[in-house]
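Novice: To be precise about what I am sending: the file is called data-v7.txt and holds compact mmCIF, N, CA and C atoms.
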# COMPACT_ATOMS: atom_id res chain seq x y z
N MET L 1107 168.65 76.94 89.02
CA MET L 1107 168.09 78.11 88.40
C MET L 1107 167.25 78.82 89.44
N ILE L 1108 167.45 80.09 89.61
CA ILE L 1108 166.71 80.85 90.61
C ILE L 1108 165.86 81.88 89.89
N GLY L 1109 164.57 81.85 90.14
CA GLY L 1109 163.66 82.84 89.58
C GLY L 1109 163.34 83.87 90.64
N GLU L 1110 163.19 85.09 90.24
CA GLU L 1110 162.85 86.16 91.18
C GLU L 1110 161.39 86.54 90.98
N SER L 1111 160.66 86.68 92.05
CA SER L 1111 159.31 87.20 91.99
C SER L 1111 159.24 88.38 92.94
N LYS L 1112 158.12 89.05 92.99
CA LYS L 1112 157.99 90.20 93.87
C LYS L 1112 158.14 89.82 95.33
N SER L 1113 157.83 88.55 95.66
CA SER L 1113 157.87 88.15 97.05
C SER L 1113 159.02 87.23 97.42
N GLY L 1114 159.84 86.79 96.45
CA GLY L 1114 160.94 85.91 96.83
C GLY L 1114 161.57 85.20 95.67
N LYS L 1115 162.34 84.16 95.98
CA LYS L 1115 163.08 83.38 94.99
C LYS L 1115 162.43 82.02 94.81
N ILE L 1116 162.51 81.53 93.57
CA ILE L 1116 162.06 80.19 93.26
C ILE L 1116 163.27 79.42 92.74
N ILE L 1117 163.53 78.28 93.35
CA ILE L 1117 164.67 77.44 92.97
C ILE L 1117 164.12 76.15 92.37
N VAL L 1118 164.65 75.75 91.21
CA VAL L 1118 164.25 74.50 90.57
C VAL L 1118 165.38 73.50 90.76
N ALA L 1119 165.03 72.35 91.31
CA ALA L 1119 166.01 71.28 91.54
C ALA L 1119 165.48 69.97 90.98
N LEU L 1120 166.42 69.11 90.60
CA LEU L 1120 166.08 67.79 90.09
C LEU L 1120 166.67 66.75 91.04
N LYS L 1121 165.93 65.67 91.25
CA LYS L 1121 166.39 64.58 92.10
C LYS L 1121 166.29 63.27 91.36
N ALA L 1122 167.16 62.33 91.71
CA ALA L 1122 167.23 61.03 91.05
C ALA L 1122 166.92 59.91 92.03
N VAL L 1123 165.89 59.13 91.73
CA VAL L 1123 165.64 57.88 92.42
C VAL L 1123 166.39 56.83 91.60
N ILE L 1124 167.59 56.49 92.06
CA ILE L 1124 168.47 55.59 91.31
C ILE L 1124 168.27 54.17 91.81
N VAL L 1125 167.86 53.29 90.90
CA VAL L 1125 167.61 51.90 91.25
C VAL L 1125 168.76 51.04 90.74
N PHE L 1126 169.26 50.18 91.63
CA PHE L 1126 170.30 49.21 91.27
C PHE L 1126 170.02 47.92 92.04
N GLU L 1127 169.77 46.86 91.30
CA GLU L 1127 169.54 45.53 91.89
C GLU L 1127 168.53 45.56 93.04
N GLY L 1128 167.40 46.22 92.81
CA GLY L 1128 166.31 46.21 93.78
C GLY L 1128 166.47 47.15 94.96
N ARG L 1129 167.46 48.02 94.91
CA ARG L 1129 167.69 48.99 95.98
C ARG L 1129 167.71 50.40 95.40
N ILE L 1130 167.46 51.39 96.25
CA ILE L 1130 167.47 52.79 95.85
C ILE L 1130 168.56 53.52 96.62
N LEU L 1131 169.32 54.34 95.93
CA LEU L 1131 170.40 55.09 96.57
C LEU L 1131 169.85 56.31 97.30
N ILE L 1132 170.18 56.40 98.58
CA ILE L 1132 169.92 57.61 99.35
C ILE L 1132 171.25 58.09 99.93
N ILE L 1133 171.37 59.40 100.07
CA ILE L 1133 172.62 59.98 100.56
C ILE L 1133 172.31 60.92 101.72
N LYS L 1134 173.28 61.03 102.62
CA LYS L 1134 173.10 61.84 103.83
C LYS L 1134 173.86 63.15 103.68
N ARG L 1135 173.14 64.26 103.88
CA ARG L 1135 173.77 65.58 103.81
C ARG L 1135 174.80 65.73 104.93
N SER L 1136 175.86 66.43 104.63
CA SER L 1136 176.89 66.70 105.61
C SER L 1136 176.30 67.39 106.83
N ASP L 1137 176.90 67.17 107.98
CA ASP L 1137 176.47 67.84 109.20
C ASP L 1137 176.74 69.34 109.15
N TYR L 1138 177.52 69.78 108.16
CA TYR L 1138 177.88 71.19 108.04
C TYR L 1138 177.06 71.91 106.97
N ASP L 1139 176.10 71.23 106.38
CA ASP L 1139 175.28 71.82 105.32
C ASP L 1139 174.41 72.93 105.88
N ASP L 1140 174.23 73.99 105.11
CA ASP L 1140 173.40 75.13 105.54
C ASP L 1140 171.91 74.77 105.59
N PHE L 1141 171.50 73.82 104.77
CA PHE L 1141 170.09 73.43 104.71
C PHE L 1141 169.97 71.92 104.84
N GLY L 1142 169.25 71.46 105.82
CA GLY L 1142 169.00 70.03 105.98
C GLY L 1142 170.18 69.21 106.45
N ALA L 1143 171.06 69.80 107.22
CA ALA L 1143 172.25 69.08 107.69
C ALA L 1143 171.86 67.75 108.34
N GLY L 1144 172.57 66.68 107.93
CA GLY L 1144 172.37 65.38 108.54
C GLY L 1144 171.14 64.61 108.06
N THR L 1145 170.38 65.15 107.11
CA THR L 1145 169.19 64.45 106.63
C THR L 1145 169.51 63.62 105.39
N TRP L 1146 168.71 62.61 105.16
CA TRP L 1146 168.86 61.71 104.02
C TRP L 1146 167.99 62.20 102.87
N GLU L 1147 168.50 62.03 101.65
CA GLU L 1147 167.80 62.51 100.46
C GLU L 1147 168.22 61.68 99.25
N PHE L 1148 167.62 62.02 98.12
CA PHE L 1148 168.05 61.46 96.84
C PHE L 1148 169.10 62.39 96.25
N PRO L 1149 170.03 61.86 95.46
CA PRO L 1149 171.02 62.72 94.79
C PRO L 1149 170.34 63.68 93.81
N GLY L 1150 170.97 64.83 93.61
CA GLY L 1150 170.46 65.81 92.65
C GLY L 1150 170.77 67.21 93.11
N GLY L 1151 170.26 68.18 92.37
CA GLY L 1151 170.52 69.56 92.74
C GLY L 1151 169.90 70.55 91.77
N ARG L 1152 170.33 71.78 91.88
CA ARG L 1152 169.78 72.90 91.10
C ARG L 1152 170.18 72.84 89.63
N ILE L 1153 169.26 73.27 88.81
CA ILE L 1153 169.53 73.37 87.39
C ILE L 1153 170.22 74.70 87.10
N ASN L 1154 171.18 74.67 86.20
CA ASN L 1154 171.86 75.89 85.77
C ASN L 1154 171.13 76.49 84.58
N PHE L 1155 171.21 77.79 84.44
CA PHE L 1155 170.56 78.47 83.32
C PHE L 1155 171.02 77.87 82.00
N GLY L 1156 170.07 77.54 81.14
CA GLY L 1156 170.36 77.00 79.82
C GLY L 1156 170.61 75.51 79.78
N GLU L 1157 170.63 74.86 80.92
CA GLU L 1157 170.94 73.43 81.00
C GLU L 1157 169.68 72.60 80.73
N GLU L 1158 169.84 71.50 79.99
CA GLU L 1158 168.75 70.56 79.78
C GLU L 1158 168.51 69.79 81.07
N LEU L 1159 167.27 69.35 81.29
CA LEU L 1159 166.93 68.66 82.53
C LEU L 1159 167.78 67.41 82.74
N HIS L 1160 167.86 66.54 81.74
CA HIS L 1160 168.63 65.29 81.92
C HIS L 1160 170.12 65.58 82.12
N GLU L 1161 170.64 66.65 81.46
CA GLU L 1161 172.05 67.01 81.64
C GLU L 1161 172.30 67.47 83.07
N CYS L 1162 171.39 68.25 83.61
CA CYS L 1162 171.52 68.71 85.00
C CYS L 1162 171.57 67.52 85.95
N LEU L 1163 170.65 66.60 85.78
CA LEU L 1163 170.58 65.46 86.69
C LEU L 1163 171.81 64.57 86.56
N GLU L 1164 172.25 64.31 85.35
CA GLU L 1164 173.47 63.51 85.15
C GLU L 1164 174.67 64.19 85.80
N ARG L 1165 174.79 65.51 85.63
CA ARG L 1165 175.91 66.27 86.21
C ARG L 1165 175.85 66.23 87.73
N GLU L 1166 174.70 66.53 88.30
CA GLU L 1166 174.56 66.57 89.76
C GLU L 1166 174.84 65.21 90.40
N VAL L 1167 174.31 64.15 89.80
CA VAL L 1167 174.53 62.81 90.34
C VAL L 1167 176.02 62.45 90.26
N MET L 1168 176.66 62.78 89.14
CA MET L 1168 178.10 62.51 89.00
C MET L 1168 178.89 63.29 90.06
N GLU L 1169 178.57 64.56 90.26
CA GLU L 1169 179.28 65.38 91.24
C GLU L 1169 179.11 64.83 92.65
N GLU L 1170 177.89 64.40 93.00
CA GLU L 1170 177.60 63.99 94.37
C GLU L 1170 177.96 62.54 94.67
N THR L 1171 177.89 61.67 93.65
CA THR L 1171 178.06 60.23 93.91
C THR L 1171 179.11 59.54 93.04
N GLY L 1172 179.57 60.19 91.99
CA GLY L 1172 180.49 59.56 91.06
C GLY L 1172 179.84 58.56 90.12
N LEU L 1173 178.51 58.46 90.14
CA LEU L 1173 177.80 57.50 89.31
C LEU L 1173 177.38 58.10 87.97
N GLN L 1174 177.49 57.30 86.92
CA GLN L 1174 176.90 57.64 85.63
C GLN L 1174 175.53 56.99 85.62
N ILE L 1175 174.51 57.77 85.33
CA ILE L 1175 173.14 57.25 85.38
C ILE L 1175 172.47 57.35 84.02
N LYS L 1176 171.40 56.58 83.89
CA LYS L 1176 170.49 56.71 82.76
C LYS L 1176 169.21 57.32 83.34
N VAL L 1177 168.83 58.48 82.81
CA VAL L 1177 167.64 59.19 83.30
C VAL L 1177 166.41 58.64 82.59
N GLY L 1178 165.41 58.27 83.37
CA GLY L 1178 164.17 57.73 82.84
C GLY L 1178 163.01 58.71 83.00
N GLU L 1179 161.87 58.17 83.37
CA GLU L 1179 160.63 58.95 83.45
C GLU L 1179 160.58 59.83 84.70
N VAL L 1180 159.75 60.86 84.61
CA VAL L 1180 159.46 61.69 85.79
C VAL L 1180 158.56 60.88 86.71
N LEU L 1181 158.97 60.77 87.97
CA LEU L 1181 158.15 60.07 88.96
C LEU L 1181 157.13 61.01 89.60
N TYR L 1182 157.56 62.22 89.94
CA TYR L 1182 156.66 63.21 90.50
C TYR L 1182 157.35 64.56 90.59
N ALA L 1183 156.55 65.59 90.81
CA ALA L 1183 157.06 66.94 91.05
C ALA L 1183 156.38 67.48 92.29
N SER L 1184 157.11 68.29 93.04
CA SER L 1184 156.55 68.87 94.25
C SER L 1184 157.16 70.24 94.49
N THR L 1185 156.58 70.97 95.41
CA THR L 1185 157.11 72.28 95.77
C THR L 1185 156.90 72.52 97.25
N PHE L 1186 157.79 73.30 97.84
CA PHE L 1186 157.68 73.62 99.25
C PHE L 1186 158.43 74.92 99.53
N LEU L 1187 158.08 75.55 100.64
CA LEU L 1187 158.75 76.77 101.08
C LEU L 1187 159.83 76.41 102.08
N THR L 1188 161.00 76.99 101.93
CA THR L 1188 162.06 76.81 102.93
C THR L 1188 162.15 78.02 103.84
N SER L 1189 161.52 79.11 103.42
CA SER L 1189 161.41 80.32 104.24
C SER L 1189 160.28 81.14 103.63
N GLU L 1190 160.02 82.31 104.21
CA GLU L 1190 158.96 83.17 103.69
C GLU L 1190 159.30 83.73 102.31
N SER L 1191 160.57 83.69 101.94
CA SER L 1191 160.98 84.29 100.67
C SER L 1191 161.70 83.30 99.73
N ARG L 1192 161.59 81.99 100.02
CA ARG L 1192 162.30 81.00 99.19
C ARG L 1192 161.42 79.78 98.98
N GLN L 1193 161.11 79.51 97.72
CA GLN L 1193 160.32 78.34 97.33
C GLN L 1193 161.18 77.42 96.48
N VAL L 1194 161.07 76.12 96.72
CA VAL L 1194 161.81 75.13 95.94
C VAL L 1194 160.82 74.27 95.17
N VAL L 1195 161.09 74.09 93.88
CA VAL L 1195 160.34 73.18 93.03
C VAL L 1195 161.26 72.02 92.74
N VAL L 1196 160.81 70.79 93.02
CA VAL L 1196 161.63 69.60 92.82
C VAL L 1196 160.94 68.67 91.82
N ILE L 1197 161.70 68.27 90.80
CA ILE L 1197 161.23 67.28 89.84
C ILE L 1197 162.07 66.02 90.07
N THR L 1198 161.40 64.92 90.36
CA THR L 1198 162.10 63.67 90.70
C THR L 1198 161.93 62.65 89.58
N TYR L 1199 163.07 62.13 89.12
CA TYR L 1199 163.13 61.18 88.01
C TYR L 1199 163.52 59.80 88.48
N LEU L 1200 163.03 58.79 87.77
CA LEU L 1200 163.49 57.43 87.94
C LEU L 1200 164.75 57.26 87.11
N CYS L 1201 165.80 56.73 87.72
CA CYS L 1201 167.09 56.56 87.04
C CYS L 1201 167.66 55.18 87.35
N THR L 1202 168.60 54.76 86.52
CA THR L 1202 169.30 53.50 86.77
C THR L 1202 170.79 53.73 86.69
N SER L 1203 171.53 52.83 87.31
CA SER L 1203 172.98 52.86 87.29
C SER L 1203 173.47 51.45 86.99
N LYS L 1204 174.61 51.35 86.31
CA LYS L 1204 175.18 50.04 86.00
C LYS L 1204 176.10 49.54 87.11
N THR L 1205 176.35 50.41 88.11
CA THR L 1205 177.22 50.01 89.21
C THR L 1205 176.67 50.55 90.53
N HIS L 1206 177.15 49.96 91.61
CA HIS L 1206 176.76 50.41 92.95
C HIS L 1206 177.90 51.13 93.67
N LYS L 1207 179.03 51.33 92.98
CA LYS L 1207 180.22 51.91 93.61
C LYS L 1207 180.09 53.43 93.67
N VAL L 1208 179.82 53.94 94.86
CA VAL L 1208 179.57 55.37 95.09
C VAL L 1208 180.83 56.04 95.62
N LYS L 1209 181.10 57.23 95.12
CA LYS L 1209 182.18 58.07 95.63
C LYS L 1209 181.55 59.42 95.99
N LEU L 1210 181.32 59.63 97.29
CA LEU L 1210 180.62 60.82 97.75
C LEU L 1210 181.45 62.09 97.63
N SER L 1211 180.76 63.20 97.37
CA SER L 1211 181.39 64.51 97.40
C SER L 1211 181.43 65.00 98.86
N PHE L 1212 182.06 66.14 99.07
CA PHE L 1212 182.13 66.72 100.42
C PHE L 1212 180.76 67.14 100.94
N GLU L 1213 179.78 67.27 100.06
CA GLU L 1213 178.44 67.71 100.46
C GLU L 1213 177.67 66.65 101.25
N HIS L 1214 178.14 65.41 101.17
CA HIS L 1214 177.43 64.31 101.82
C HIS L 1214 178.39 63.47 102.64
N SER L 1215 177.85 62.88 103.72
CA SER L 1215 178.71 62.14 104.65
C SER L 1215 178.50 60.63 104.63
N ASP L 1216 177.42 60.17 104.00
CA ASP L 1216 177.15 58.74 104.00
C ASP L 1216 176.19 58.42 102.85
N TYR L 1217 176.12 57.14 102.50
CA TYR L 1217 175.16 56.69 101.50
C TYR L 1217 174.67 55.30 101.86
N LEU L 1218 173.56 54.93 101.25
CA LEU L 1218 172.97 53.61 101.50
C LEU L 1218 172.17 53.20 100.28
N TRP L 1219 172.42 51.99 99.81
CA TRP L 1219 171.54 51.39 98.81
C TRP L 1219 170.42 50.76 99.63
N ALA L 1220 169.30 51.45 99.72
CA ALA L 1220 168.26 51.15 100.69
C ALA L 1220 167.14 50.30 100.11
N ASN L 1221 166.60 49.43 100.97
CA ASN L 1221 165.38 48.72 100.62
C ASN L 1221 164.19 49.59 101.06
N ARG L 1222 163.00 49.12 100.81
CA ARG L 1222 161.81 49.94 101.10
C ARG L 1222 161.71 50.30 102.60
N GLU L 1223 162.00 49.35 103.46
CA GLU L 1223 161.92 49.61 104.90
C GLU L 1223 162.92 50.70 105.32
N GLN L 1224 164.14 50.62 104.83
CA GLN L 1224 165.16 51.62 105.16
C GLN L 1224 164.79 53.00 104.62
N ILE L 1225 164.20 53.03 103.44
CA ILE L 1225 163.74 54.30 102.89
C ILE L 1225 162.72 54.94 103.82
N GLY L 1226 161.79 54.12 104.30
CA GLY L 1226 160.77 54.61 105.24
C GLY L 1226 161.34 55.10 106.55
N GLU L 1227 162.44 54.51 106.99
CA GLU L 1227 163.06 54.90 108.25
C GLU L 1227 163.93 56.15 108.13
N LYS L 1228 164.60 56.32 106.99
CA LYS L 1228 165.64 57.34 106.88
C LYS L 1228 165.23 58.62 106.17
N LEU L 1229 164.37 58.51 105.16
CA LEU L 1229 164.04 59.71 104.39
C LEU L 1229 163.22 60.70 105.20
N TYR L 1230 163.42 61.95 104.90
CA TYR L 1230 162.63 63.03 105.50
C TYR L 1230 161.15 62.77 105.23
N ARG L 1231 160.31 62.98 106.20
CA ARG L 1231 158.89 62.62 106.14
C ARG L 1231 158.19 63.15 104.89
N THR L 1232 158.43 64.40 104.50
CA THR L 1232 157.74 64.95 103.34
C THR L 1232 158.16 64.28 102.04
N ILE L 1233 159.42 63.85 101.94
CA ILE L 1233 159.86 63.12 100.74
C ILE L 1233 159.14 61.78 100.67
N LEU L 1234 159.05 61.10 101.79
CA LEU L 1234 158.35 59.81 101.84
C LEU L 1234 156.87 59.99 101.50
N GLU L 1235 156.25 61.03 102.02
CA GLU L 1235 154.84 61.30 101.72
C GLU L 1235 154.64 61.58 100.24
N ASP L 1236 155.57 62.31 99.61
CA ASP L 1236 155.49 62.55 98.17
C ASP L 1236 155.58 61.23 97.40
N MET L 1237 156.48 60.35 97.83
CA MET L 1237 156.62 59.06 97.16
C MET L 1237 155.34 58.24 97.26
N ILE L 1238 154.76 58.23 98.44
CA ILE L 1238 153.53 57.46 98.66
C ILE L 1238 152.37 58.05 97.88
N SER L 1239 152.18 59.37 97.95
CA SER L 1239 151.04 59.99 97.27
C SER L 1239 151.15 59.92 95.76
N ASN L 1240 152.35 59.72 95.24
CA ASN L 1240 152.55 59.60 93.80
C ASN L 1240 152.76 58.15 93.36
N ASN L 1241 152.43 57.21 94.25
CA ASN L 1241 152.48 55.77 93.95
C ASN L 1241 153.83 55.30 93.44
N VAL L 1242 154.90 55.89 93.93
CA VAL L 1242 156.23 55.51 93.47
C VAL L 1242 156.53 54.05 93.78
N PHE L 1243 156.16 53.59 94.95
CA PHE L 1243 156.46 52.20 95.33
C PHE L 1243 155.70 51.19 94.47
N ASP L 1244 154.59 51.61 93.88
CA ASP L 1244 153.85 50.73 92.98
C ASP L 1244 154.42 50.72 91.56
N ARG L 1245 155.26 51.71 91.26
CA ARG L 1245 155.77 51.89 89.88
C ARG L 1245 157.20 51.39 89.69
N ILE L 1246 157.89 51.08 90.77
CA ILE L 1246 159.27 50.60 90.64
C ILE L 1246 159.43 49.34 91.49
N GLU L 1247 160.35 48.51 91.08
CA GLU L 1247 160.61 47.27 91.82
C GLU L 1247 161.79 47.47 92.75
N ILE L 1248 161.51 47.40 94.05
CA ILE L 1248 162.58 47.45 95.06
C ILE L 1248 162.31 46.40 96.11
N ASP L 1249 163.36 46.03 96.82
CA ASP L 1249 163.25 45.01 97.88
C ASP L 1249 162.46 45.55 99.06
Could the structure of this file be written out as structure tokens, please?
Specialist:
Amino acid sequence: MIGESKSGKIIVALKAVIVFEGRILIIKRSDYDDFGAGTWEFPGGRINFGEELHECLEREVMEETGLQIKVGEVLYASTFLTSESRQVVVITYLCTSKTHKVKLSFEHSDYLWANREQIGEKLYRTILEDMISNNVFDRIEID
């Protein structure tokens, strides 16, 4: 969903911290992506007009990973500027999956069911800082 203001666009996106057997799924953006090429992130994406939050997240995760998820609690929300005229608002949810079998879309080139150390090594610094400042590691059980 894109909102227009006098000074730019606001994009609302949802992300899923998917836990399976003590690991969290992270995915790597394609090297050809217009934004954040080659960086690791959580699955998710933009909400469509009229779409419920959990429906958006279930749809985006299915499109990007082929996983059916159960959407749980909100872990945190954050916002950042990607340019002088574009702001992104991200709401991150705790989710679970009954399987670890991932089928990536063309938007991503790799995936990893990561432990805490790997998350610290691979995730973009601001995502990791959001997780730490919102006590995510204290609220979920991961290896």
Novice: Val1242 (chain L): which residues within 9 Å, counting only C-alpha atoms, same-chain residues fewer than 4 positions away excluded, as a VMD selection string?
Specialist: chain L and resid 1181 to 1182 1236 to 1238 1246
Novice: Those residues with N, CA and C atoms, as a PDB file, keeping the file's coordinate frame please?
Specialist:
ATOM      1  N   LEU L1181     158.970  60.770  87.970  1.00  0.00           N
ATOM      2  CA  LEU L1181     158.150  60.070  88.960  1.00  0.00           C
ATOM      3  C   LEU L1181     157.130  61.010  89.600  1.00  0.00           C
ATOM      4  N   TYR L1182     157.560  62.220  89.940  1.00  0.00           N
ATOM      5  CA  TYR L1182     156.660  63.210  90.500  1.00  0.00           C
ATOM      6  C   TYR L1182     157.350  64.560  90.590  1.00  0.00           C
ATOM      7  N   ASP L1236     155.570  62.310  99.610  1.00  0.00           N
ATOM      8  CA  ASP L1236     155.490  62.550  98.170  1.00  0.00           C
ATOM      9  C   ASP L1236     155.580  61.230  97.400  1.00  0.00           C
ATOM     10  N   MET L1237     156.480  60.350  97.830  1.00  0.00           N
ATOM     11  CA  MET L1237     156.620  59.060  97.160  1.00  0.00           C
ATOM     12  C   MET L1237     155.340  58.240  97.260  1.00  0.00           C
ATOM     13  N   ILE L1238     154.760  58.230  98.440  1.00  0.00           N
ATOM     14  CA  ILE L1238     153.530  57.460  98.660  1.00  0.00           C
ATOM     15  C   ILE L1238     152.370  58.050  97.880  1.00  0.00           C
ATOM     16  N   ILE L1246     157.890  51.080  90.770  1.00  0.00           N
ATOM     17  CA  ILE L1246     159.270  50.600  90.640  1.00  0.00           C
ATOM     18  C   ILE L1246     159.430  49.340  91.490  1.00  0.00           C
TER      19      ILE L1246
END
Novice: If you run DSSP over the backbone, which residues in chain L end up helix (DSSP H, G or I)? Put them as number ranges by chain.
Specialist: L: 1159-1171, 1222-1228, 1231-1239, 1242-1245
Novice: Store the residues of this selection in a file with N, CA and C atoms, as a CSV table (one decimal), keeping the file's coordinate frame.
Specialist:
chain,number,residue,atom,x,y,z
L,1159,LEU,N,167.3,69.4,81.3
L,1159,LEU,CA,166.9,68.7,82.5
L,1159,LEU,C,167.8,67.4,82.7
L,1160,HIS,N,167.9,66.5,81.7
L,1160,HIS,CA,168.6,65.3,81.9
L,1160,HIS,C,170.1,65.6,82.1
L,1161,GLU,N,170.6,66.6,81.5
L,1161,GLU,CA,172.0,67.0,81.6
L,1161,GLU,C,172.3,67.5,83.1
L,1162,CYS,N,171.4,68.2,83.6
L,1162,CYS,CA,171.5,68.7,85.0
L,1162,CYS,C,171.6,67.5,86.0
L,1163,LEU,N,170.6,66.6,85.8
L,1163,LEU,CA,170.6,65.5,86.7
L,1163,LEU,C,171.8,64.6,86.6
L,1164,GLU,N,172.2,64.3,85.4
L,1164,GLU,CA,173.5,63.5,85.2
L,1164,GLU,C,174.7,64.2,85.8
L,1165,ARG,N,174.8,65.5,85.6
L,1165,ARG,CA,175.9,66.3,86.2
L,1165,ARG,C,175.8,66.2,87.7
L,1166,GLU,N,174.7,66.5,88.3
L,1166,GLU,CA,174.6,66.6,89.8
L,1166,GLU,C,174.8,65.2,90.4
L,1167,VAL,N,174.3,64.2,89.8
L,1167,VAL,CA,174.5,62.8,90.3
L,1167,VAL,C,176.0,62.4,90.3
L,1168,MET,N,176.7,62.8,89.1
L,1168,MET,CA,178.1,62.5,89.0
L,1168,MET,C,178.9,63.3,90.1
L,1169,GLU,N,178.6,64.6,90.3
L,1169,GLU,CA,179.3,65.4,91.2
L,1169,GLU,C,179.1,64.8,92.6
L,1170,GLU,N,177.9,64.4,93.0
L,1170,GLU,CA,177.6,64.0,94.4
L,1170,GLU,C,178.0,62.5,94.7
L,1171,THR,N,177.9,61.7,93.6
L,1171,THR,CA,178.1,60.2,93.9
L,1171,THR,C,179.1,59.5,93.0
L,1222,ARG,N,163.0,49.1,100.8
L,1222,ARG,CA,161.8,49.9,101.1
L,1222,ARG,C,161.7,50.3,102.6
L,1223,GLU,N,162.0,49.4,103.5
L,1223,GLU,CA,161.9,49.6,104.9
L,1223,GLU,C,162.9,50.7,105.3
L,1224,GLN,N,164.1,50.6,104.8
L,1224,GLN,CA,165.2,51.6,105.2
L,1224,GLN,C,164.8,53.0,104.6
L,1225,ILE,N,164.2,53.0,103.4
L,1225,ILE,CA,163.7,54.3,102.9
L,1225,ILE,C,162.7,54.9,103.8
L,1226,GLY,N,161.8,54.1,104.3
L,1226,GLY,CA,160.8,54.6,105.2
L,1226,GLY,C,161.3,55.1,106.6
L,1227,GLU,N,162.4,54.5,107.0
L,1227,GLU,CA,163.1,54.9,108.2
L,1227,GLU,C,163.9,56.2,108.1
L,1228,LYS,N,164.6,56.3,107.0
L,1228,LYS,CA,165.6,57.3,106.9
L,1228,LYS,C,165.2,58.6,106.2
L,1231,ARG,N,160.3,63.0,106.2
L,1231,ARG,CA,158.9,62.6,106.1
L,1231,ARG,C,158.2,63.2,104.9
L,1232,THR,N,158.4,64.4,104.5
L,1232,THR,CA,157.7,65.0,103.3
L,1232,THR,C,158.2,64.3,102.0
L,1233,ILE,N,159.4,63.8,101.9
L,1233,ILE,CA,159.9,63.1,100.7
L,1233,ILE,C,159.1,61.8,100.7
L,1234,LEU,N,159.0,61.1,101.8
L,1234,LEU,CA,158.4,59.8,101.8
L,1234,LEU,C,156.9,60.0,101.5
L,1235,GLU,N,156.2,61.0,102.0
L,1235,GLU,CA,154.8,61.3,101.7
L,1235,GLU,C,154.6,61.6,100.2
L,1236,ASP,N,155.6,62.3,99.6
L,1236,ASP,CA,155.5,62.6,98.2
L,1236,ASP,C,155.6,61.2,97.4
L,1237,MET,N,156.5,60.4,97.8
L,1237,MET,CA,156.6,59.1,97.2
L,1237,MET,C,155.3,58.2,97.3
L,1238,ILE,N,154.8,58.2,98.4
L,1238,ILE,CA,153.5,57.5,98.7
L,1238,ILE,C,152.4,58.0,97.9
L,1239,SER,N,152.2,59.4,98.0
L,1239,SER,CA,151.0,60.0,97.3
L,1239,SER,C,151.2,59.9,95.8
L,1242,VAL,N,154.9,55.9,93.9
L,1242,VAL,CA,156.2,55.5,93.5
L,1242,VAL,C,156.5,54.0,93.8
L,1243,PHE,N,156.2,53.6,95.0
L,1243,PHE,CA,156.5,52.2,95.3
L,1243,PHE,C,155.7,51.2,94.5
L,1244,ASP,N,154.6,51.6,93.9
L,1244,ASP,CA,153.8,50.7,93.0
L,1244,ASP,C,154.4,50.7,91.6
L,1245,ARG,N,155.3,51.7,91.3
L,1245,ARG,CA,155.8,51.9,89.9
L,1245,ARG,C,157.2,51.4,89.7
Novice: Could you tell me which of L:Lys1134, L:Lys1121, L:Arg1129, L:Lys1115 comes closest to Ser1211 (chain L) if we count only C-alpha atoms?
Specialist: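 Under the stated criterion, the closest residue is L:Lys1134.
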Novice: Where does DSSP see strand (DSSP E or B) in region 1130-1243 of chain L, if you list the residues as an NGL selection string?
Specialist: :L and (1130-1135 or 1146-1147 or 1150-1152 or 1175-1189 or 1192-1203 or 1214-1220 or 1229)
Novice: Taking (168.0, 64.8, 100.5) in the coordinates of the supplied file, I want to know which residues reach to within 8 Å of it, counting only C-alpha atoms; could you give the answer as a PyMOL selection string?
Specialist: chain L and resi 1132-1135+1142+1145-1149+1229-1230
Novice: Here is a test: counting only N, CA and C atoms, which residue of L:Leu1163, L:Glu1169, L:Val1177, L:Leu1200 is nearest to Ile1124 (chain L)?
Specialist: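 With only N, CA and C atoms as the atom set, the closest residue is L:Leu1200.
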Novice: Calculate how many Å separate CA of Gly1150 (chain L) from CA of Glu1190 (chain L), rounding to one decimal.
Specialist: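 Value for the CA of Gly1150 (chain L)-CA of Glu1190 (chain L) distance: 23.6 Å.
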Novice: Determine, counting only C-alpha atoms, which protein, DNA and RNA residues have an atom within 9 Å of an atom of Ala1220 (chain L); residues of the same chain fewer than 5 positions away are not included. Present the result as a PyMOL selection string.
Specialist: chain L and resi 1128-1132+1225+1248-1249
Novice: Edge lengths and centre in Å to one decimal, as JSON, of the axis-aligned box that encloses all listed atoms of region 1166-1172 of chain L with 8 Å added on every side?
Specialist:
{"center_x": 177.4, "center_y": 62.6, "center_z": 91.5, "size_x": 22.2, "size_y": 24.0, "size_z": 22.4}
Novice: In Å, with one decimal, what is the gap from atom C of Leu1218 (chain L) to atom C of Val1125 (chain L)?
Specialist: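 Separation of atom C of Leu1218 (chain L) and atom C of Val1125 (chain L): 10.4 Å.
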Novice: From the options L:Asp1139, L:Leu1187, L:Phe1126, L:Gly1114, which residue's atoms come nearest to Lys1204 (chain L), counting all atoms listed in the file?
Specialist: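 Looking only at the distances to Lys1204 (chain L), the closest residue turns out to be L:Phe1126.
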Novice: List as a ChimeraX atom specification the residues having at least one atom at most 8 Å from position (157.4, 74.7, 93.8) as given in the file, counting only N, CA and C atoms.
Specialist: /L:1116-1118,1183-1187,1193-1196
Novice: Which residues are close to Leu1173 (chain L), i.e. within 6.5 Å by only N, CA and C atoms, leaving aside same-chain residues fewer than 6 positions away? Reply as a PDB file with N, CA and C atoms, keeping the file's coordinate frame.
Specialist:
ATOM      1  N   VAL L1167     174.310  64.150  89.800  1.00  0.00           N
ATOM      2  CA  VAL L1167     174.530  62.810  90.340  1.00  0.00           C
ATOM      3  C   VAL L1167     176.020  62.450  90.260  1.00  0.00           C
ATOM      4  N   LYS L1207     179.030  51.330  92.980  1.00  0.00           N
ATOM      5  CA  LYS L1207     180.220  51.910  93.610  1.00  0.00           C
ATOM      6  C   LYS L1207     180.090  53.430  93.670  1.00  0.00           C
ATOM      7  N   VAL L1208     179.820  53.940  94.860  1.00  0.00           N
ATOM      8  CA  VAL L1208     179.570  55.370  95.090  1.00  0.00           C
ATOM      9  C   VAL L1208     180.830  56.040  95.620  1.00  0.00           C
ATOM     10  N   LYS L1209     181.100  57.230  95.120  1.00  0.00           N
ATOM     11  CA  LYS L1209     182.180  58.070  95.630  1.00  0.00           C
ATOM     12  C   LYS L1209     181.550  59.420  95.990  1.00  0.00           C
TER      13      LYS L1209
END
